[in-house]
$ cat my_file_36.cif   # mmCIF, C-alpha atoms
data_start
#
loop_
_atom_site.label_atom_id
_atom_site.label_comp_id
_atom_site.auth_asym_id
_atom_site.auth_seq_id
_atom_site.Cartn_x
_atom_site.Cartn_y
_atom_site.Cartn_z
CA MET A 107 0.00 0.00 0.00
CA ARG A 108 1.35 3.40 -0.94
CA PHE A 109 2.11 6.12 1.59
CA LEU A 110 -0.50 8.59 0.32
CA GLU A 111 -3.15 5.87 0.35
CA VAL A 112 -2.64 5.42 4.08
CA PHE A 113 -2.05 9.03 5.16
CA ASP A 114 -3.88 12.27 4.48
CA LEU A 115 -1.14 14.91 4.35
CA GLN A 116 -2.21 18.10 6.16
CA ARG A 117 0.98 20.16 5.84
CA PRO A 118 2.69 21.02 3.60
CA ARG A 119 -0.45 21.51 1.57
CA ASN A 120 -1.09 20.51 -2.04
CA ILE A 121 1.10 17.38 -1.90
CA THR A 122 -0.44 14.76 -4.18
CA THR A 123 2.48 12.52 -5.32
CA MET A 124 5.35 10.63 -3.69
CA GLN A 125 7.78 12.63 -5.81
CA GLN A 126 6.55 15.75 -4.04
CA VAL A 127 6.89 14.01 -0.66
CA LEU A 128 10.50 12.98 -1.41
CA ALA A 129 11.29 16.50 -2.57
CA ILE A 130 10.70 17.92 0.94
CA ASN A 131 13.64 16.08 2.49
CA ALA A 132 14.20 16.84 6.23
CA LEU A 133 11.05 18.98 6.53
CA LYS A 134 8.37 18.19 9.09
CA LEU A 135 5.15 16.60 7.83
CA HIS A 136 1.75 16.75 9.51
CA MET A 137 -0.70 13.99 8.58
CA LYS A 138 -3.66 11.90 9.64
CA PHE A 139 -4.67 8.31 8.98
CA ARG A 140 -7.29 8.15 6.26
CA ASP A 141 -9.12 5.38 8.14
CA ARG A 142 -10.49 5.61 11.66
CA PRO A 143 -9.24 6.43 14.16
CA ARG A 144 -7.92 9.45 12.25
CA THR A 145 -4.90 9.85 14.51
CA THR A 146 -2.75 12.92 13.91
CA LEU A 147 0.95 12.21 13.36
CA GLN A 148 4.12 14.17 12.75
CA GLY A 149 7.08 12.96 10.72
CA ILE A 150 10.39 13.78 9.10
CA VAL A 151 11.26 12.54 5.59
CA VAL A 152 14.88 11.44 5.08
CA ASP A 153 16.15 10.28 1.69
CA MET A 154 17.77 6.83 1.52
CA PRO A 155 21.17 6.43 -0.20
CA GLN A 156 21.33 5.84 -3.96
CA GLY A 157 17.81 7.16 -4.33
CA ASP A 158 16.20 3.95 -3.07
CA GLY A 159 13.31 5.80 -1.48
CA ALA A 160 12.94 7.53 1.86
CA ILE A 161 12.50 6.81 5.54
CA ILE A 162 9.77 8.68 7.42
CA ASN A 163 10.27 8.94 11.16
CA LEU A 164 6.79 9.24 12.71
CA SER A 165 5.61 10.31 16.16
CA PHE A 166 2.27 11.08 17.76
CA GLY A 167 3.32 14.59 18.75
CA ILE A 168 0.60 16.46 20.62
CA SER A 169 -1.95 13.76 19.71
CA ILE A 170 -0.29 11.24 22.03
CA LEU A 171 -3.09 11.52 24.60
CA ASP A 172 -5.66 10.53 21.99
CA ALA A 173 -3.38 7.74 20.75
CA VAL A 174 -2.99 6.24 24.23
CA GLY A 175 -6.77 5.92 24.44
CA ASP A 176 -7.32 4.84 20.83
CA TYR A 177 -4.66 2.11 20.81
CA LYS A 178 -4.62 1.18 24.53
CA LEU A 179 -0.93 2.03 24.79
CA THR A 180 1.07 1.40 27.98
CA SER A 181 4.56 2.40 29.10
CA SER A 182 5.96 -0.80 27.55
CA ASP A 183 4.96 0.50 24.10
CA PHE A 184 7.47 3.35 24.39
CA ALA A 185 11.23 3.33 24.52
CA ALA A 186 12.72 3.92 27.96
CA THR A 187 14.26 7.16 26.72
CA ASP A 188 11.11 8.39 24.99
CA MET A 189 10.16 11.81 26.33
CA ALA A 190 6.53 10.95 25.67
CA ILE A 191 6.40 8.97 28.92
CA GLU A 192 7.50 11.98 30.92
CA MET A 193 4.96 14.14 29.12
CA LEU A 194 2.21 11.65 29.93
CA TYR A 195 3.20 11.71 33.59
CA LEU A 196 3.09 15.52 33.54
CA VAL A 197 -0.33 15.51 31.88
CA GLU A 198 -1.61 13.03 34.46
CA ALA A 199 -0.23 15.16 37.28
CA LYS A 200 -1.82 18.25 35.76
CA SER A 201 -5.17 16.47 35.42
CA ALA A 202 -5.02 15.39 39.06
CA ALA A 203 -4.12 18.94 40.14
CA MET A 204 -6.98 20.41 38.08
CA GLU A 205 -9.44 17.91 39.54
CA ALA A 206 -8.24 18.79 43.04
CA SER A 207 -8.62 22.47 42.17
CA ARG A 208 -12.17 21.92 40.88
CA THR A 209 -13.05 20.02 44.05
CA LEU A 210 -11.62 22.78 46.22
CA ASN A 211 -13.43 25.49 44.23
CA HIS A 212 -16.69 23.57 44.59
CA ARG A 213 -16.19 23.31 48.34
CA LEU A 214 -15.35 27.01 48.60
CA GLN A 215 -18.43 27.94 46.55
CA THR A 216 -20.60 25.71 48.71
CA ALA A 217 -19.14 27.28 51.84
CA LYS A 218 -19.71 30.76 50.41
CA ILE A 219 -23.36 30.00 49.65
CA ALA A 220 -23.84 28.53 53.13
CA ALA A 221 -22.24 31.61 54.72
CA GLU A 222 -24.45 33.95 52.68
CA GLU A 223 -27.57 31.97 53.62
CA GLN A 224 -26.56 32.06 57.28
CA ALA A 225 -25.96 35.81 57.08
CA PHE A 226 -29.50 36.31 55.73
CA THR A 227 -31.25 33.82 58.05
CA ASP A 228 -32.96 34.40 61.38
CA THR A 229 -31.62 31.63 63.61
CA LEU A 230 -34.72 31.38 65.80
CA THR A 231 -37.38 30.96 63.10
CA GLY A 232 -35.42 29.91 60.02
CA LEU A 233 -36.94 32.82 58.08
CA LYS A 234 -34.93 35.50 56.32
CA ASN A 235 -33.68 38.33 58.53
CA ARG A 236 -33.54 42.15 58.25
CA ARG A 237 -30.36 42.01 56.18
CA ALA A 238 -32.25 39.96 53.61
CA VAL A 239 -34.84 42.76 53.25
CA ASP A 240 -32.04 45.20 52.45
CA HIS A 241 -30.93 42.80 49.72
CA VAL A 242 -34.28 41.62 48.32
CA LEU A 243 -36.48 44.74 48.36
CA PRO A 244 -34.23 46.96 46.15
CA ARG A 245 -33.99 44.12 43.65
CA VAL A 246 -37.77 43.72 43.57
CA ILE A 247 -38.26 47.45 43.04
CA GLU A 248 -35.68 47.67 40.25
CA ALA A 249 -37.33 44.75 38.42
CA GLY A 250 -39.96 47.30 37.41
CA ARG A 251 -42.89 44.98 38.04
CA GLY A 252 -45.67 45.27 40.54
CA PHE A 253 -45.10 44.16 44.12
CA ALA A 254 -46.78 44.19 47.52
CA LEU A 255 -45.36 44.34 51.02
CA MET A 256 -46.98 43.44 54.32
CA GLN A 257 -45.58 44.40 57.69
CA LEU A 258 -46.94 42.30 60.54
CA ASP A 259 -46.63 42.94 64.26
CA LEU A 260 -47.89 40.66 67.02
CA ASP A 261 -50.37 42.17 69.47
CA PHE A 262 -50.03 41.42 73.19
CA PHE A 263 -46.72 39.64 72.68
CA LYS A 264 -44.79 41.48 75.41
CA PRO A 265 -46.97 40.05 78.25
CA VAL A 266 -46.11 36.56 77.02
CA ASN A 267 -42.42 37.16 77.62
CA ASP A 268 -43.10 38.94 80.90
CA SER A 269 -45.42 36.32 82.40
CA MET A 270 -44.22 33.05 80.86
CA GLY A 271 -40.61 33.71 79.98
CA HIS A 272 -38.61 34.00 76.76
CA ALA A 273 -38.90 30.29 75.98
CA ALA A 274 -42.65 30.75 75.58
CA GLY A 275 -42.11 33.89 73.50
CA ASP A 276 -39.64 32.09 71.24
CA TYR A 277 -42.13 29.26 70.74
CA VAL A 278 -44.85 31.72 69.74
CA LEU A 279 -42.52 33.36 67.22
CA GLN A 280 -41.68 29.96 65.73
CA GLN A 281 -45.35 29.05 65.38
CA VAL A 282 -46.11 32.39 63.72
CA ALA A 283 -43.20 31.84 61.32
CA LYS A 284 -44.69 28.44 60.44
CA ILE A 285 -48.09 30.01 59.73
CA LEU A 286 -46.59 32.71 57.51
CA THR A 287 -44.58 30.13 55.57
CA GLU A 288 -47.63 27.94 55.04
CA GLU A 289 -49.80 30.84 53.89
CA THR A 290 -47.33 32.21 51.30
CA ARG A 291 -45.95 30.96 48.03
CA GLN A 292 -42.50 29.47 47.60
CA ASP A 293 -41.26 32.56 45.73
CA ASP A 294 -42.54 35.00 48.35
CA ASP A 295 -40.08 36.37 50.91
CA VAL A 296 -41.04 35.92 54.56
CA VAL A 297 -38.80 37.88 56.91
CA ARG A 298 -38.48 38.39 60.63
CA ILE A 299 -37.07 41.89 60.90
CA GLY A 300 -36.70 41.81 64.68
CA GLY A 301 -38.60 41.12 67.88
CA ASP A 302 -42.18 40.24 67.01
CA GLU A 303 -42.20 42.07 63.65
CA PHE A 304 -42.34 40.36 60.26
CA VAL A 305 -42.27 41.50 56.65
CA LEU A 306 -43.76 39.65 53.68
CA ILE A 307 -42.66 40.65 50.16
CA PHE A 308 -44.74 39.55 47.16
CA GLN A 309 -43.46 39.97 43.60
CA GLY A 310 -45.82 40.60 40.71
CA ASP A 311 -49.22 42.24 40.38
CA ILE A 312 -51.49 40.78 43.06
CA PRO A 313 -55.14 41.89 43.08
CA LYS A 314 -56.19 43.78 46.19
CA GLU A 315 -58.86 41.16 46.87
CA LYS A 316 -56.23 38.45 47.14
CA LEU A 317 -54.14 40.53 49.52
CA ILE A 318 -57.24 41.11 51.67
CA THR A 319 -58.04 37.38 51.72
CA LEU A 320 -54.46 36.52 52.64
CA ALA A 321 -54.28 39.11 55.42
CA GLU A 322 -57.58 37.91 56.89
CA ARG A 323 -56.46 34.29 56.79
CA ILE A 324 -53.16 35.07 58.51
CA ILE A 325 -54.87 37.13 61.23
CA THR A 326 -57.44 34.36 61.82
CA ARG A 327 -54.80 31.66 62.19
CA ILE A 328 -52.59 33.71 64.53
CA LYS A 329 -55.58 34.45 66.78
CA GLU A 330 -55.97 30.75 67.50
CA PRO A 331 -54.56 29.85 70.96
CA ILE A 332 -51.02 28.46 70.98
CA THR A 333 -50.35 25.76 73.60
CA PHE A 334 -46.99 25.86 75.35
CA GLN A 335 -46.24 23.47 78.21
CA GLY A 336 -49.93 22.87 78.73
CA LYS A 337 -50.85 26.54 78.83
CA ALA A 338 -52.77 28.45 76.15
CA ILE A 339 -51.18 31.62 74.82
CA GLN A 340 -53.34 34.19 73.06
CA VAL A 341 -51.88 36.77 70.69
CA SER A 342 -53.15 38.49 67.58
CA ALA A 343 -51.60 40.22 64.60
CA SER A 344 -51.89 43.62 62.96
CA ILE A 345 -50.84 44.01 59.32
CA GLY A 346 -49.94 47.11 57.31
CA ILE A 347 -49.99 46.69 53.54
CA THR A 348 -48.54 48.76 50.71
CA THR A 349 -48.17 48.13 46.99
CA GLY A 350 -45.95 49.57 44.29
CA ARG A 351 -44.88 49.41 40.69
CA GLY A 352 -41.91 50.63 38.70
CA ARG A 353 -38.32 51.54 39.38
CA GLY A 354 -37.03 54.42 41.44
CA ALA A 355 -38.93 54.01 44.70
CA ALA A 356 -36.73 54.08 47.79
CA PRO A 357 -36.93 50.84 49.82
CA GLU A 358 -37.08 52.79 53.07
CA HIS A 359 -40.13 54.67 51.79
CA ILE A 360 -41.89 51.41 50.97
CA LEU A 361 -41.16 50.06 54.44
CA ASN A 362 -42.30 53.33 56.00
CA GLU A 363 -45.62 53.16 54.15
CA ALA A 364 -46.28 49.66 55.48
CA ASP A 365 -45.23 50.82 58.93
CA LEU A 366 -47.70 53.75 58.82
CA ALA A 367 -50.49 51.40 57.77
CA LEU A 368 -49.54 49.16 60.69
CA TYR A 369 -49.78 52.12 63.12
CA ALA A 370 -53.28 52.76 61.78
CA CYS A 371 -54.26 49.18 62.64
CA LYS A 372 -52.96 49.55 66.17
CA ASP A 373 -54.91 52.78 66.62
CA ASN A 374 -58.12 51.17 65.39
CA GLY A 375 -58.08 48.28 67.85
CA ARG A 376 -55.43 45.80 66.65
CA GLY A 377 -55.98 42.34 65.20
CA GLN A 378 -56.77 43.79 61.76
CA PHE A 379 -55.13 45.01 58.55
CA ALA A 380 -54.97 48.30 56.67
CA PHE A 381 -53.69 49.48 53.29
CA PHE A 382 -51.44 52.52 53.19
CA THR A 383 -53.01 55.79 52.06
CA PRO A 384 -51.23 59.14 51.63
CA SER A 385 -53.32 60.66 54.45
CA MET A 386 -51.56 58.38 56.94
CA LYS A 387 -48.37 60.41 56.55
CA ARG A 388 -50.09 63.38 58.18
CA THR A 389 -51.87 61.54 60.98
CA ALA A 390 -49.52 58.70 61.98
CA PRO A 391 -48.79 58.72 65.73
CA HIS A 392 -45.48 57.80 67.29
CA GLN A 393 -45.99 54.86 69.60
CA VAL A 394 -44.40 51.60 70.66
CA LEU A 395 -45.90 48.61 68.87
CA GLY A 396 -46.76 45.48 70.81
#
$ encode --input "my_file_36.cif" --output "structure tokens"
Amino acid sequence: MRFLEVFDLQRPRNITTMQQVLAINALKLHMKFRDRPRTTLQGIVVDMPQGDGAIINLSFGISILDAVGDYKLTSSDFAATDMAIEMLYLVEAKSAAMEASRTLNHRLQTAKIAAEEQAFTDTLTGLKNRRAVDHVLPRVIEAGRGFALMQLDLDFFKPVNDSMGHAAGDYVLQQVAKILTEETRQDDDVVRIGGDEFVLIFQGDIPKEKLITLAERIITRIKEPITFQGKAIQVSASIGITTGRGRGAAPEHILNEADLALYACKDNGRGQFAFFTPSMKRTAPHQVLG
């Protein structure tokens, strides 16, 4: 079988005859097998004495990694002095180092995510914390879509701590957190911003009727007695609601609107909800919630 029937010469280009191959004495050739696997090879053509042909010294070159897999080569297939063995060892060492690096990067990324989640999580209830509001609310506003925000405060919570201790108060907060989680969607943000105050952030346009139904349902469930160590605890909830749409609103203004609506609930007897209206800015009292 002739040389050019076995190999597809890549460089030099436009070589179609053996006479042309022999004419490039001592120059490097780049070729591939015509049949599969189409292994890439490099070679040097050296003329034989008296014009009896030529010897082509072939090597795998940079395709040695493919060749090892294609032909199931082992160290015994190479000469002891062949530099290819050392290169294979280096490649193997590099692959191991890269795999170790990928594993380490994955662990670091996992640790980073865990640290960020911990930084935004309220340890008592498992809800998001106040820092999460500072992260989530600006993003929701800048999305330019509609949104709604509820601020919830527990009524008569302070007497629970005073008369039954902080363990009872913590249990009440955990039960309220459970109710809020059950009554909201997976994509909603439920936040404990401190003490007995919670914030719920809803993305998208939500009809007022649905917000009313949700607020009523939450208030009804929280009014139900909570049993702790055989004793019934009674609290209620007041909810201030505000809605918005479009970019540019300041997060602190949105929170202030919900807070003003919450003050209005407290003034009107607690255990109820109210939507923010501009008139609340003029009439809101300054009082301690509880």
$ resolve_selection --input "my_file_36.cif" --expression "the PyMOL selection byres ((chain A and resi 330-332) around 12)" --output "NGL selection string"
:A and (266 or 274-282 or 285 or 323-329 or 333-343 or 377)
$ resolve_selection --input "my_file_36.cif" --expression "the PyMOL selection byres ((chain A and resi 376) around 8)" --output "list of chain:residue names"
A:Asp261, A:Ser342, A:Ala343, A:Ser344, A:Cys371, A:Lys372, A:Asp373, A:Asn374, A:Gly375, A:Gly377, A:Gln378
$ resolve_selection --input "my_file_36.cif" --expression "the PyMOL selection byres ((chain A and resi 351) around 10)" --output "PyMOL selection string"
chain A and resi 246-254+309-311+349-350+352-355
$ residues_near_point --input "my_file_36.cif" --point "(-4.8, 10.5, 17.9)" --cutoff "12 Å" --atoms "all atoms listed in the file" --output "PyMOL selection string"
chain A and resi 137-139+141-148+165-179
$ closest_residue --input "my_file_36.cif" --among "A:Ile312, A:Ala273, A:Leu320, A:Val242" --to "A:Pro357" --atoms "all atoms listed in the file"
A:Val242
